[in-house]
$ cat entry36.pdb   # PDB, C-alpha atoms
MODEL        1
ATOM      1  CA  MET Z 186       0.000   0.000   0.000
ATOM      2  CA  ALA Z 187       1.331   3.394  -0.963
ATOM      3  CA  THR Z 188       1.612   6.150   1.607
ATOM      4  CA  ILE Z 189      -0.431   9.203   0.664
ATOM      5  CA  ILE Z 190       0.587  12.517   2.152
ATOM      6  CA  TYR Z 191      -2.136  15.163   1.994
ATOM      7  CA  ASN Z 192      -0.897  18.759   2.039
ATOM      8  CA  ASN Z 193      -1.244  22.106   0.263
ATOM      9  CA  ILE Z 194       2.305  22.396  -1.095
ATOM     10  CA  ILE Z 195       2.986  19.297  -3.225
ATOM     11  CA  PRO Z 196       1.714  19.012  -5.901
ATOM     12  CA  PHE Z 197       1.491  22.544  -7.247
ATOM     13  CA  GLN Z 198      -1.939  24.149  -7.249
ATOM     14  CA  GLY Z 199      -4.023  22.941 -10.177
ATOM     15  CA  TYR Z 200      -2.912  19.328  -9.750
ATOM     16  CA  LYS Z 201      -4.592  16.758  -7.519
ATOM     17  CA  ALA Z 202      -1.745  14.358  -6.846
ATOM     18  CA  VAL Z 203       1.799  13.426  -7.817
ATOM     19  CA  ALA Z 204       3.807  10.266  -7.286
ATOM     20  CA  ILE Z 205       7.377  10.765  -6.124
ATOM     21  CA  TRP Z 206       8.686   7.344  -5.281
ATOM     22  CA  PRO Z 207       7.933   5.934  -2.764
ATOM     23  CA  LEU Z 208       5.177   8.394  -1.813
ATOM     24  CA  ILE Z 209       2.011   9.897  -3.258
ATOM     25  CA  PHE Z 210       1.476  13.568  -2.462
ATOM     26  CA  ALA Z 211      -2.072  14.895  -2.804
ATOM     27  CA  ARG Z 212      -3.763  18.226  -2.278
ATOM     28  CA  GLU Z 213      -5.621  18.447   1.011
ATOM     29  CA  SER Z 214      -8.781  19.362  -0.927
ATOM     30  CA  THR Z 215      -8.777  15.938  -2.666
ATOM     31  CA  LYS Z 216      -8.892  13.954   0.580
ATOM     32  CA  PRO Z 217      -9.538  11.101   0.187
ATOM     33  CA  LEU Z 218      -8.306  10.410  -3.342
ATOM     34  CA  LYS Z 219     -10.770   8.554  -5.501
ATOM     35  CA  THR Z 220      -9.829   4.934  -6.224
ATOM     36  CA  TYR Z 221      -9.037   5.650  -9.876
ATOM     37  CA  GLU Z 222      -6.806   8.603  -8.900
ATOM     38  CA  GLU Z 223      -4.918   6.430  -6.446
ATOM     39  CA  ASN Z 224      -4.574   3.688  -9.090
ATOM     40  CA  HIS Z 225      -3.198   6.251 -11.533
ATOM     41  CA  GLU Z 226      -0.528   7.386  -9.063
ATOM     42  CA  LYS Z 227       0.323   3.814  -8.036
ATOM     43  CA  THR Z 228       1.001   3.037 -11.692
ATOM     44  CA  HIS Z 229       3.516   5.890 -11.689
ATOM     45  CA  LEU Z 230       5.119   4.517  -8.524
ATOM     46  CA  ARG Z 231       5.588   1.153 -10.231
ATOM     47  CA  GLN Z 232       7.063   2.843 -13.308
ATOM     48  CA  GLN Z 233       9.442   4.834 -11.134
ATOM     49  CA  LEU Z 234      10.601   1.764  -9.216
ATOM     50  CA  GLU Z 235      11.273  -0.169 -12.430
ATOM     51  CA  VAL Z 236      13.305   2.642 -13.943
ATOM     52  CA  LEU Z 237      15.170   3.173 -10.665
ATOM     53  CA  ILE Z 238      16.178  -0.500 -10.466
ATOM     54  CA  ALA Z 239      17.142  -0.745 -14.139
ATOM     55  CA  SER Z 240      19.160   2.472 -14.061
ATOM     56  CA  ALA Z 241      20.866   1.471 -10.795
ATOM     57  CA  VAL Z 242      21.943  -1.844 -12.317
ATOM     58  CA  ALA Z 243      23.211  -0.075 -15.445
ATOM     59  CA  MET Z 244      25.015   2.554 -13.376
ATOM     60  CA  ALA Z 245      26.592  -0.123 -11.145
ATOM     61  CA  ALA Z 246      27.918  -1.864 -14.263
ATOM     62  CA  LEU Z 247      29.375   1.406 -15.567
ATOM     63  CA  ILE Z 248      30.960   2.126 -12.197
ATOM     64  CA  LEU Z 249      32.589  -1.303 -12.104
ATOM     65  CA  VAL Z 250      33.785  -1.135 -15.706
ATOM     66  CA  PHE Z 251      35.158   2.411 -15.616
ATOM     67  CA  GLY Z 252      36.147   2.637 -11.948
ATOM     68  CA  TRP Z 253      33.944   5.630 -11.251
ATOM     69  CA  SER Z 254      32.964   6.731  -7.762
ATOM     70  CA  TRP Z 255      29.908   5.043  -6.252
ATOM     71  CA  TRP Z 256      28.445   8.533  -5.856
ATOM     72  CA  TRP Z 257      27.396   8.152  -9.501
ATOM     73  CA  MET Z 258      24.638   5.822  -8.266
ATOM     74  CA  LEU Z 259      22.704   8.962  -7.325
ATOM     75  CA  VAL Z 260      22.160   9.578 -11.029
ATOM     76  CA  SER Z 261      19.715   6.649 -10.951
ATOM     77  CA  LEU Z 262      17.338   8.701  -8.814
ATOM     78  CA  ALA Z 263      16.846  11.232 -11.610
ATOM     79  CA  VAL Z 264      16.511   8.925 -14.620
ATOM     80  CA  TYR Z 265      12.706   8.497 -14.471
ATOM     81  CA  TYR Z 266      12.015  12.201 -14.015
ATOM     82  CA  THR Z 267      14.517  13.147 -16.713
ATOM     83  CA  SER Z 268      12.995  10.719 -19.213
ATOM     84  CA  TYR Z 269       9.502  11.961 -18.286
ATOM     85  CA  GLY Z 270      10.610  15.551 -18.918
ATOM     86  CA  ILE Z 271      12.242  14.680 -22.231
ATOM     87  CA  ASP Z 272       9.105  12.819 -23.359
ATOM     88  CA  TYR Z 273       7.022  15.883 -22.439
ATOM     89  CA  ALA Z 274       9.376  18.277 -24.266
ATOM     90  CA  VAL Z 275       9.434  16.181 -27.442
ATOM     91  CA  ARG Z 276       5.646  15.897 -27.472
ATOM     92  CA  TYR Z 277       5.228  19.596 -26.745
ATOM     93  CA  LEU Z 278       7.384  20.399 -29.764
ATOM     94  CA  ALA Z 279       5.376  17.920 -31.832
ATOM     95  CA  TYR Z 280       1.888  19.020 -30.758
ATOM     96  CA  GLY Z 281       2.370  22.626 -29.629
ATOM     97  CA  SER Z 282       0.012  22.139 -26.703
ATOM     98  CA  SER Z 283       0.943  21.640 -23.061
ATOM     99  CA  ASP Z 284      -2.176  19.581 -22.315
ATOM    100  CA  GLU Z 285      -1.776  17.383 -25.376
ATOM    101  CA  ALA Z 286       1.922  16.875 -24.658
ATOM    102  CA  TYR Z 287       1.169  15.857 -21.056
ATOM    103  CA  ARG Z 288      -1.594  13.404 -21.994
ATOM    104  CA  ASN Z 289       0.679  11.751 -24.574
ATOM    105  CA  ILE Z 290       3.682  11.118 -22.331
ATOM    106  CA  ALA Z 291       4.179   7.334 -22.400
ATOM    107  CA  ALA Z 292       3.979   7.040 -18.601
ATOM    108  CA  GLU Z 293       0.759   9.089 -18.521
ATOM    109  CA  GLN Z 294      -0.852   7.094 -21.315
ATOM    110  CA  GLU Z 295      -0.336   3.860 -19.390
ATOM    111  CA  ALA Z 296      -1.623   5.403 -16.148
ATOM    112  CA  TYR Z 297      -4.706   6.991 -17.753
ATOM    113  CA  ASN Z 298      -5.569   3.940 -19.850
ATOM    114  CA  ASN Z 299      -5.608   1.670 -16.799
ATOM    115  CA  GLN Z 300      -6.636   3.882 -13.884
ATOM    116  CA  TYR Z 301     -10.155   2.432 -13.634
ATOM    117  CA  ASP Z 302      -8.906  -1.179 -13.565
ATOM    118  CA  THR Z 303      -8.287  -1.968  -9.898
ATOM    119  CA  ALA Z 304      -6.564  -5.272 -10.791
ATOM    120  CA  TYR Z 305      -4.238  -3.747 -13.377
ATOM    121  CA  LEU Z 306      -1.118  -3.576 -11.208
ATOM    122  CA  LYS Z 307      -1.500  -7.243 -10.252
ATOM    123  CA  ARG Z 308      -1.216  -8.410 -13.861
ATOM    124  CA  ARG Z 309       0.862  -5.578 -15.300
ATOM    125  CA  ARG Z 310       4.037  -6.585 -17.098
ATOM    126  CA  PRO Z 311       7.263  -4.804 -16.132
ATOM    127  CA  PHE Z 312       7.994  -1.748 -18.260
ATOM    128  CA  ALA Z 313       4.484  -1.799 -19.767
ATOM    129  CA  TRP Z 314       4.734   1.965 -20.349
ATOM    130  CA  VAL Z 315       7.353   1.334 -23.059
ATOM    131  CA  GLU Z 316       4.534   0.185 -25.370
ATOM    132  CA  TYR Z 317       3.252   3.767 -25.408
ATOM    133  CA  ILE Z 318       6.493   5.410 -26.559
ATOM    134  CA  GLY Z 319       5.797   7.248 -29.803
ATOM    135  CA  LYS Z 320       2.058   6.583 -29.666
ATOM    136  CA  LYS Z 321      -0.585   9.273 -29.528
ATOM    137  CA  THR Z 322      -3.826   9.033 -27.564
TER
ENDMDL
END
$ encode --input "entry36.pdb" --output "structure tokens"
Amino acid sequence: MATIIYNNIIPFQGYKAVAIWPLIFARESTKPLKTYEENHEKTHLRQQLEVLIASAVAMAALILVFGWSWWWMLVSLAVYYTSYGIDYAVRYLAYGSSDEAYRNIAAEQEAYNNQYDTAYLKRRRPFAWVEYIGKKT
């Protein structure tokens, strides 16, 4: 079960909730989150964990091969958010609309397409969001 922290700071005003692994932050005014909103954010948590593990393994291999400092492992923490931002930027350039760019981010497409399915995370394949790369809703 994910921990949901209700507050009036994170996420920014205008948003209901945001997943920042391993927590879900939600606006106080949305308390309690609807089931589909919680499912949406839990999908993001799963995506973030997968990318964190994969990038940590890749970074560990690079560290061992090149003899870098283990401090480079911290890079793994930013990989999901960096890829999310790049996906948004590319789609914004393609569509010219902030809303359309956001809705077409691969991670968002997976979360929106499955938010009403309460059993989705039980049967979800790892890295399922990859199927949405380059697709448009």
$ closest_atom_pairs --input "entry36.pdb" --of "range 295-322 of chain Z" --to "range 217-239 of chain Z" --cutoff "8 Å" --atoms "all atoms listed in the file" --output "CSV"
residue,atom,partner,partner_atom,distance
Z:Glu295,CA,Z:Thr228,CA,7.9
Z:Ala296,CA,Z:His225,CA,4.9
Z:Tyr297,CA,Z:His225,CA,6.4
Z:Asn299,CA,Z:His225,CA,7.4
Z:Gln300,CA,Z:His225,CA,4.8
Z:Tyr301,CA,Z:Tyr221,CA,5.1
Z:Asp302,CA,Z:Tyr221,CA,7.8
Z:Thr303,CA,Z:Asn224,CA,6.8
Z:Leu306,CA,Z:Thr228,CA,7.0
Z:Pro311,CA,Z:Glu235,CA,7.2
Z:Phe312,CA,Z:Gln232,CA,6.8
Z:Trp314,CA,Z:Gln232,CA,7.5
$ closest_residue --input "entry36.pdb" --among "Z:Ala243, Z:Ala313, Z:Lys321, Z:Phe251" --to "Ala279 in chain Z" --atoms "only C-alpha atoms"
Z:Lys321
$ atom_distance --input "entry36.pdb" --atom1 "CA of Lys201 in chain Z" --atom2 "CA of Glu213 in chain Z"
8.8 Å
$ closest_residue --input "entry36.pdb" --among "Z:Tyr317, Z:Ile189, Z:Ser240, Z:Ser283" --to "Val260 in chain Z" --atoms "all atoms listed in the file"
Z:Ser240
$ closest_residue --input "entry36.pdb" --among "Z:Glu316, Z:Ala304, Z:Gly199, Z:Thr322" --to "Ala286 in chain Z" --atoms "only C-alpha atoms"
Z:Thr322
$ residues_around --input "entry36.pdb" --residues "Val275 in chain Z" --least-positions-apart "3" --cutoff "12 Å" --atoms "only C-alpha atoms" --output "compact mmCIF listing (two decimals) with C-alpha atoms, keeping the file's coordinate frame"
# COMPACT_ATOMS: atom_id res chain seq x y z
CA SER Z 268 13.00 10.72 -19.21
CA TYR Z 269 9.50 11.96 -18.29
CA GLY Z 270 10.61 15.55 -18.92
CA ILE Z 271 12.24 14.68 -22.23
CA ASP Z 272 9.10 12.82 -23.36
CA LEU Z 278 7.38 20.40 -29.76
CA ALA Z 279 5.38 17.92 -31.83
CA TYR Z 280 1.89 19.02 -30.76
CA GLY Z 281 2.37 22.63 -29.63
CA SER Z 282 0.01 22.14 -26.70
CA SER Z 283 0.94 21.64 -23.06
CA GLU Z 285 -1.78 17.38 -25.38
CA ALA Z 286 1.92 16.88 -24.66
CA TYR Z 287 1.17 15.86 -21.06
CA ASN Z 289 0.68 11.75 -24.57
CA ILE Z 290 3.68 11.12 -22.33
CA ALA Z 291 4.18 7.33 -22.40
CA ILE Z 318 6.49 5.41 -26.56
CA GLY Z 319 5.80 7.25 -29.80
$ resolve_selection --input "entry36.pdb" --expression "the PyMOL selection byres ((chain Z and resi 202) around 8)" --output "VMD selection string"
chain Z and resid 195 to 196 200 to 201 203 to 204 209 to 212 222 226
$ atom_distance --input "entry36.pdb" --atom1 "CA of Met244 in chain Z" --atom2 "CA of Tyr277 in chain Z"
29.3 Å
$ atom_distance --input "entry36.pdb" --atom1 "CA of Met258 in chain Z" --atom2 "CA of Leu208 in chain Z"
20.7 Å
$ decode --input "entry36.pdb" --residues "range 239-270 of chain Z" --atoms "N, CA and C atoms" --output "PDB file, in the first residue's frame"
ATOM      1  N   ALA Z 239      16.418  -0.540 -12.884  1.00  0.00           N
ATOM      2  CA  ALA Z 239      17.142  -0.745 -14.139  1.00  0.00           C
ATOM      3  C   ALA Z 239      18.313   0.232 -14.273  1.00  0.00           C
ATOM      4  N   SER Z 240      18.085   1.486 -13.933  1.00  0.00           N
ATOM      5  CA  SER Z 240      19.160   2.472 -14.061  1.00  0.00           C
ATOM      6  C   SER Z 240      20.241   2.250 -13.005  1.00  0.00           C
ATOM      7  N   ALA Z 241      19.872   1.766 -11.831  1.00  0.00           N
ATOM      8  CA  ALA Z 241      20.866   1.471 -10.795  1.00  0.00           C
ATOM      9  C   ALA Z 241      21.753   0.300 -11.217  1.00  0.00           C
ATOM     10  N   VAL Z 242      21.158  -0.709 -11.828  1.00  0.00           N
ATOM     11  CA  VAL Z 242      21.943  -1.844 -12.317  1.00  0.00           C
ATOM     12  C   VAL Z 242      22.891  -1.377 -13.419  1.00  0.00           C
ATOM     13  N   ALA Z 243      22.373  -0.586 -14.354  1.00  0.00           N
ATOM     14  CA  ALA Z 243      23.211  -0.075 -15.445  1.00  0.00           C
ATOM     15  C   ALA Z 243      24.335   0.810 -14.895  1.00  0.00           C
ATOM     16  N   MET Z 244      24.008   1.663 -13.947  1.00  0.00           N
ATOM     17  CA  MET Z 244      25.015   2.554 -13.376  1.00  0.00           C
ATOM     18  C   MET Z 244      26.070   1.755 -12.604  1.00  0.00           C
ATOM     19  N   ALA Z 245      25.639   0.725 -11.879  1.00  0.00           N
ATOM     20  CA  ALA Z 245      26.592  -0.123 -11.145  1.00  0.00           C
ATOM     21  C   ALA Z 245      27.566  -0.785 -12.119  1.00  0.00           C
ATOM     22  N   ALA Z 246      27.054  -1.251 -13.250  1.00  0.00           N
ATOM     23  CA  ALA Z 246      27.918  -1.864 -14.263  1.00  0.00           C
ATOM     24  C   ALA Z 246      28.934  -0.845 -14.791  1.00  0.00           C
ATOM     25  N   LEU Z 247      28.467   0.363 -15.082  1.00  0.00           N
ATOM     26  CA  LEU Z 247      29.375   1.406 -15.567  1.00  0.00           C
ATOM     27  C   LEU Z 247      30.440   1.758 -14.531  1.00  0.00           C
ATOM     28  N   ILE Z 248      30.031   1.816 -13.285  1.00  0.00           N
ATOM     29  CA  ILE Z 248      30.960   2.126 -12.197  1.00  0.00           C
ATOM     30  C   ILE Z 248      32.040   1.050 -12.101  1.00  0.00           C
ATOM     31  N   LEU Z 249      31.625  -0.202 -12.195  1.00  0.00           N
ATOM     32  CA  LEU Z 249      32.589  -1.303 -12.104  1.00  0.00           C
ATOM     33  C   LEU Z 249      33.531  -1.332 -13.306  1.00  0.00           C
ATOM     34  N   VAL Z 250      32.976  -1.088 -14.488  1.00  0.00           N
ATOM     35  CA  VAL Z 250      33.785  -1.135 -15.706  1.00  0.00           C
ATOM     36  C   VAL Z 250      34.783   0.026 -15.771  1.00  0.00           C
ATOM     37  N   PHE Z 251      34.319   1.223 -15.453  1.00  0.00           N
ATOM     38  CA  PHE Z 251      35.158   2.411 -15.616  1.00  0.00           C
ATOM     39  C   PHE Z 251      35.837   2.893 -14.330  1.00  0.00           C
ATOM     40  N   GLY Z 252      35.514   2.257 -13.208  1.00  0.00           N
ATOM     41  CA  GLY Z 252      36.147   2.637 -11.948  1.00  0.00           C
ATOM     42  C   GLY Z 252      35.686   3.973 -11.398  1.00  0.00           C
ATOM     43  N   TRP Z 253      34.482   4.361 -11.739  1.00  0.00           N
ATOM     44  CA  TRP Z 253      33.944   5.630 -11.251  1.00  0.00           C
ATOM     45  C   TRP Z 253      33.621   5.524  -9.768  1.00  0.00           C
ATOM     46  N   SER Z 254      33.388   6.665  -9.157  1.00  0.00           N
ATOM     47  CA  SER Z 254      32.964   6.731  -7.762  1.00  0.00           C
ATOM     48  C   SER Z 254      31.536   6.192  -7.634  1.00  0.00           C
ATOM     49  N   TRP Z 255      31.260   5.561  -6.494  1.00  0.00           N
ATOM     50  CA  TRP Z 255      29.908   5.043  -6.252  1.00  0.00           C
ATOM     51  C   TRP Z 255      28.890   6.169  -6.068  1.00  0.00           C
ATOM     52  N   TRP Z 256      29.362   7.394  -5.922  1.00  0.00           N
ATOM     53  CA  TRP Z 256      28.445   8.533  -5.856  1.00  0.00           C
ATOM     54  C   TRP Z 256      27.617   8.650  -7.127  1.00  0.00           C
ATOM     55  N   TRP Z 257      28.133   8.106  -8.239  1.00  0.00           N
ATOM     56  CA  TRP Z 257      27.396   8.152  -9.501  1.00  0.00           C
ATOM     57  C   TRP Z 257      26.070   7.395  -9.434  1.00  0.00           C
ATOM     58  N   MET Z 258      25.914   6.548  -8.431  1.00  0.00           N
ATOM     59  CA  MET Z 258      24.638   5.822  -8.266  1.00  0.00           C
ATOM     60  C   MET Z 258      23.477   6.794  -8.057  1.00  0.00           C
ATOM     61  N   LEU Z 259      23.768   7.973  -7.545  1.00  0.00           N
ATOM     62  CA  LEU Z 259      22.704   8.962  -7.325  1.00  0.00           C
ATOM     63  C   LEU Z 259      22.039   9.393  -8.625  1.00  0.00           C
ATOM     64  N   VAL Z 260      22.739   9.246  -9.724  1.00  0.00           N
ATOM     65  CA  VAL Z 260      22.160   9.578 -11.029  1.00  0.00           C
ATOM     66  C   VAL Z 260      20.885   8.764 -11.266  1.00  0.00           C
ATOM     67  N   SER Z 261      20.868   7.537 -10.768  1.00  0.00           N
ATOM     68  CA  SER Z 261      19.715   6.649 -10.951  1.00  0.00           C
ATOM     69  C   SER Z 261      18.421   7.254 -10.424  1.00  0.00           C
ATOM     70  N   LEU Z 262      18.529   8.084  -9.398  1.00  0.00           N
ATOM     71  CA  LEU Z 262      17.338   8.701  -8.814  1.00  0.00           C
ATOM     72  C   LEU Z 262      16.653   9.664  -9.776  1.00  0.00           C
ATOM     73  N   ALA Z 263      17.398  10.214 -10.709  1.00  0.00           N
ATOM     74  CA  ALA Z 263      16.846  11.232 -11.610  1.00  0.00           C
ATOM     75  C   ALA Z 263      16.443  10.695 -12.981  1.00  0.00           C
ATOM     76  N   VAL Z 264      16.738   9.439 -13.273  1.00  0.00           N
ATOM     77  CA  VAL Z 264      16.511   8.925 -14.620  1.00  0.00           C
ATOM     78  C   VAL Z 264      15.031   8.955 -15.008  1.00  0.00           C
ATOM     79  N   TYR Z 265      14.137   8.507 -14.130  1.00  0.00           N
ATOM     80  CA  TYR Z 265      12.706   8.497 -14.471  1.00  0.00           C
ATOM     81  C   TYR Z 265      12.207   9.915 -14.758  1.00  0.00           C
ATOM     82  N   TYR Z 266      12.524  10.837 -13.873  1.00  0.00           N
ATOM     83  CA  TYR Z 266      12.015  12.201 -14.015  1.00  0.00           C
ATOM     84  C   TYR Z 266      12.624  12.897 -15.227  1.00  0.00           C
ATOM     85  N   THR Z 267      13.865  12.586 -15.525  1.00  0.00           N
ATOM     86  CA  THR Z 267      14.517  13.147 -16.713  1.00  0.00           C
ATOM     87  C   THR Z 267      13.867  12.609 -17.981  1.00  0.00           C
ATOM     88  N   SER Z 268      13.627  11.306 -18.025  1.00  0.00           N
ATOM     89  CA  SER Z 268      12.995  10.719 -19.213  1.00  0.00           C
ATOM     90  C   SER Z 268      11.561  11.224 -19.373  1.00  0.00           C
ATOM     91  N   TYR Z 269      10.863  11.415 -18.270  1.00  0.00           N
ATOM     92  CA  TYR Z 269       9.502  11.961 -18.286  1.00  0.00           C
ATOM     93  C   TYR Z 269       9.537  13.374 -18.877  1.00  0.00           C
ATOM     94  N   GLY Z 270      10.482  14.183 -18.418  1.00  0.00           N
ATOM     95  CA  GLY Z 270      10.610  15.551 -18.918  1.00  0.00           C
ATOM     96  C   GLY Z 270      10.980  15.608 -20.386  1.00  0.00           C
TER      97      GLY Z 270
END
